[in-house]
Amino acid sequence: MTSLSAVNQNLKIYSMEKVHKSKISRYEVEKMRNRFKNSTDKERKSINGLQAKRSDIIAAGTEILVCIMDSLNIKEVIVSEYDNLEGMIYTKI
């Protein structure tokens, strides 16, 4: 998620302050997914905000997020810089 936020913001230098609590819409996630799927590993390594070591897994991870957002009918996600390996879904009642 933090990588997607950094890519979405086109960050040349990673900024925890800009990433934490940033929002990414379903449309933006799909746009990034398509970009990752249609680029080579070498091309992905040059994308601002994406760490080179994540270039081989970012397309699959983004596809998983799209499926989750679709399944739960989520229109946007809020990114957290704090670790939670299991993840957390926040819904407003």
# chains A, B, ... in the order shown; residues from 1 in each chain; ligands from 1
>>> select_by_dssp(residues="chain A", states="alpha helix (DSSP H)", output="MDAnalysis selection string")
chainID A and resid 2:8 16:19 26:37 41:45 58:71
>>> write_last_selection(atoms="N, CA and C atoms", output="short mmCIF file (atom, residue, chain, number, x, y, z; two decimals), in the first residue's frame")
data_model
loop_
_atom_site.label_atom_id
_atom_site.label_comp_id
_atom_site.auth_asym_id
_atom_site.auth_seq_id
_atom_site.Cartn_x
_atom_site.Cartn_y
_atom_site.Cartn_z
N THR A 2 1.92 1.24 0.81
CA THR A 2 2.78 2.42 0.85
C THR A 2 3.44 2.66 -0.50
N SER A 3 3.80 1.58 -1.18
CA SER A 3 4.39 1.72 -2.52
C SER A 3 3.37 2.32 -3.49
N LEU A 4 2.14 1.85 -3.42
CA LEU A 4 1.11 2.40 -4.30
C LEU A 4 0.89 3.88 -4.03
N SER A 5 0.89 4.26 -2.78
CA SER A 5 0.72 5.67 -2.45
C SER A 5 1.87 6.50 -3.00
N ALA A 6 3.09 6.01 -2.83
CA ALA A 6 4.25 6.74 -3.33
C ALA A 6 4.22 6.86 -4.86
N VAL A 7 3.82 5.78 -5.53
CA VAL A 7 3.71 5.82 -6.99
C VAL A 7 2.59 6.78 -7.39
N ASN A 8 1.46 6.67 -6.72
CA ASN A 8 0.32 7.52 -7.04
C ASN A 8 0.66 9.01 -6.90
N MET A 16 7.38 9.58 4.40
CA MET A 16 6.41 8.97 5.30
C MET A 16 5.25 9.93 5.58
N GLU A 17 5.56 11.20 5.70
CA GLU A 17 4.54 12.20 5.99
C GLU A 17 3.53 12.32 4.85
N LYS A 18 3.97 12.18 3.62
CA LYS A 18 3.06 12.27 2.48
C LYS A 18 2.28 10.98 2.28
N VAL A 19 2.88 9.86 2.62
CA VAL A 19 2.24 8.56 2.41
C VAL A 19 1.23 8.25 3.51
N ARG A 26 -10.30 3.82 -6.04
CA ARG A 26 -10.39 2.57 -6.82
C ARG A 26 -9.90 2.83 -8.24
N TYR A 27 -10.28 3.97 -8.81
CA TYR A 27 -9.84 4.33 -10.15
C TYR A 27 -8.31 4.44 -10.23
N GLU A 28 -7.70 5.07 -9.23
CA GLU A 28 -6.24 5.24 -9.22
C GLU A 28 -5.54 3.89 -9.08
N VAL A 29 -6.10 3.00 -8.26
CA VAL A 29 -5.52 1.66 -8.09
C VAL A 29 -5.56 0.92 -9.42
N GLU A 30 -6.70 0.98 -10.11
CA GLU A 30 -6.83 0.29 -11.40
C GLU A 30 -5.88 0.88 -12.43
N LYS A 31 -5.73 2.18 -12.43
CA LYS A 31 -4.81 2.85 -13.36
C LYS A 31 -3.37 2.37 -13.12
N MET A 32 -2.97 2.27 -11.85
CA MET A 32 -1.61 1.79 -11.54
C MET A 32 -1.47 0.32 -11.91
N ARG A 33 -2.50 -0.50 -11.63
CA ARG A 33 -2.46 -1.92 -11.99
C ARG A 33 -2.21 -2.07 -13.48
N ASN A 34 -2.94 -1.33 -14.29
CA ASN A 34 -2.77 -1.43 -15.74
C ASN A 34 -1.38 -0.98 -16.16
N ARG A 35 -0.88 0.05 -15.53
CA ARG A 35 0.48 0.53 -15.84
C ARG A 35 1.50 -0.56 -15.51
N PHE A 36 1.37 -1.18 -14.35
CA PHE A 36 2.32 -2.22 -13.96
C PHE A 36 2.24 -3.44 -14.87
N LYS A 37 1.01 -3.84 -15.21
CA LYS A 37 0.82 -5.02 -16.06
C LYS A 37 1.37 -4.82 -17.46
N ASP A 41 9.70 -5.40 -16.28
CA ASP A 41 10.31 -5.25 -14.96
C ASP A 41 11.29 -4.08 -14.97
N LYS A 42 12.04 -3.93 -16.04
CA LYS A 42 12.99 -2.82 -16.15
C LYS A 42 12.25 -1.48 -16.13
N GLU A 43 11.15 -1.39 -16.84
CA GLU A 43 10.37 -0.15 -16.85
C GLU A 43 9.78 0.14 -15.47
N ARG A 44 9.28 -0.89 -14.79
CA ARG A 44 8.73 -0.69 -13.45
C ARG A 44 9.80 -0.19 -12.48
N LYS A 45 11.03 -0.63 -12.64
CA LYS A 45 12.11 -0.19 -11.75
C LYS A 45 12.39 1.30 -11.87
N ILE A 58 4.77 -5.99 -7.62
CA ILE A 58 3.80 -4.90 -7.49
C ILE A 58 2.54 -5.13 -8.33
N ALA A 59 2.68 -5.71 -9.51
CA ALA A 59 1.50 -5.95 -10.36
C ALA A 59 0.55 -6.94 -9.69
N ALA A 60 1.09 -8.02 -9.14
CA ALA A 60 0.24 -9.02 -8.47
C ALA A 60 -0.40 -8.44 -7.22
N GLY A 61 0.37 -7.70 -6.44
CA GLY A 61 -0.18 -7.08 -5.23
C GLY A 61 -1.27 -6.08 -5.54
N THR A 62 -1.10 -5.35 -6.61
CA THR A 62 -2.11 -4.37 -7.01
C THR A 62 -3.37 -5.08 -7.50
N GLU A 63 -3.19 -6.17 -8.20
CA GLU A 63 -4.35 -6.98 -8.66
C GLU A 63 -5.13 -7.51 -7.47
N ILE A 64 -4.44 -7.95 -6.44
CA ILE A 64 -5.11 -8.43 -5.23
C ILE A 64 -5.93 -7.31 -4.59
N LEU A 65 -5.35 -6.12 -4.52
CA LEU A 65 -6.06 -4.99 -3.94
C LEU A 65 -7.31 -4.66 -4.75
N VAL A 66 -7.22 -4.68 -6.07
CA VAL A 66 -8.39 -4.43 -6.92
C VAL A 66 -9.48 -5.45 -6.60
N CYS A 67 -9.13 -6.71 -6.48
CA CYS A 67 -10.11 -7.76 -6.17
C CYS A 67 -10.76 -7.53 -4.81
N ILE A 68 -9.97 -7.15 -3.82
CA ILE A 68 -10.51 -6.88 -2.49
C ILE A 68 -11.46 -5.69 -2.53
N MET A 69 -11.03 -4.63 -3.18
CA MET A 69 -11.87 -3.43 -3.27
C MET A 69 -13.18 -3.74 -3.99
N ASP A 70 -13.11 -4.54 -5.05
CA ASP A 70 -14.32 -4.92 -5.78
C ASP A 70 -15.23 -5.78 -4.91
N SER A 71 -14.66 -6.77 -4.26
CA SER A 71 -15.45 -7.70 -3.44
C SER A 71 -16.16 -6.99 -2.29
#
>>> select_by_dssp(residues="chain A", states="strand (DSSP E)", output="list of chain:residue names")
A:Lys23, A:Ile24, A:Ser25, A:Glu76, A:Val77, A:Ile78
>>> residues_around(residues="Lys21 (chain A)", least_positions_apart="3", cutoff="8 Å", atoms="only C-alpha atoms", output="PyMOL selection string")
chain A and resi 18+78-81
>>> decode(residues="region 16-27 of chain A", atoms="N, CA, C and O atoms", output="JSON list (two decimals), in the first residue's frame")
[["chain", "number", "residue", "atom", "x", "y", "z"],
["A", 16, "MET", "N", 7.38, 9.58, 4.40],
["A", 16, "MET", "CA", 6.41, 8.97, 5.30],
["A", 16, "MET", "C", 5.25, 9.93, 5.58],
["A", 16, "MET", "O", 4.09, 9.53, 5.64],
["A", 17, "GLU", "N", 5.56, 11.20, 5.70],
["A", 17, "GLU", "CA", 4.54, 12.20, 5.99],
["A", 17, "GLU", "C", 3.53, 12.32, 4.85],
["A", 17, "GLU", "O", 2.34, 12.55, 5.09],
["A", 18, "LYS", "N", 3.97, 12.18, 3.62],
["A", 18, "LYS", "CA", 3.06, 12.27, 2.48],
["A", 18, "LYS", "C", 2.28, 10.98, 2.28],
["A", 18, "LYS", "O", 1.14, 11.00, 1.80],
["A", 19, "VAL", "N", 2.88, 9.86, 2.62],
["A", 19, "VAL", "CA", 2.24, 8.56, 2.41],
["A", 19, "VAL", "C", 1.23, 8.25, 3.51],
["A", 19, "VAL", "O", 0.10, 7.83, 3.22],
["A", 20, "HIS", "N", 1.59, 8.48, 4.76],
["A", 20, "HIS", "CA", 0.70, 8.14, 5.87],
["A", 20, "HIS", "C", -0.60, 8.94, 5.79],
["A", 20, "HIS", "O", -0.59, 10.14, 5.61],
["A", 21, "LYS", "N", -1.69, 8.23, 5.86],
["A", 21, "LYS", "CA", -3.05, 8.78, 5.80],
["A", 21, "LYS", "C", -3.43, 9.31, 4.41],
["A", 21, "LYS", "O", -4.43, 10.00, 4.26],
["A", 22, "SER", "N", -2.62, 9.00, 3.41],
["A", 22, "SER", "CA", -3.01, 9.39, 2.05],
["A", 22, "SER", "C", -4.15, 8.48, 1.58],
["A", 22, "SER", "O", -4.35, 7.39, 2.10],
["A", 23, "LYS", "N", -4.90, 8.95, 0.63],
["A", 23, "LYS", "CA", -6.03, 8.20, 0.10],
["A", 23, "LYS", "C", -5.77, 7.84, -1.35],
["A", 23, "LYS", "O", -5.20, 8.62, -2.10],
["A", 24, "ILE", "N", -6.21, 6.63, -1.71],
["A", 24, "ILE", "CA", -6.09, 6.18, -3.09],
["A", 24, "ILE", "C", -7.46, 5.66, -3.52],
["A", 24, "ILE", "O", -8.04, 4.79, -2.86],
["A", 25, "SER", "N", -7.96, 6.18, -4.61],
["A", 25, "SER", "CA", -9.27, 5.77, -5.09],
["A", 25, "SER", "C", -9.18, 4.45, -5.87],
["A", 25, "SER", "O", -8.10, 4.06, -6.33],
["A", 26, "ARG", "N", -10.30, 3.82, -6.04],
["A", 26, "ARG", "CA", -10.39, 2.57, -6.82],
["A", 26, "ARG", "C", -9.90, 2.83, -8.24],
["A", 26, "ARG", "O", -9.18, 2.03, -8.82],
["A", 27, "TYR", "N", -10.28, 3.97, -8.81],
["A", 27, "TYR", "CA", -9.84, 4.33, -10.15],
["A", 27, "TYR", "C", -8.31, 4.44, -10.23],
["A", 27, "TYR", "O", -7.69, 3.95, -11.18]]
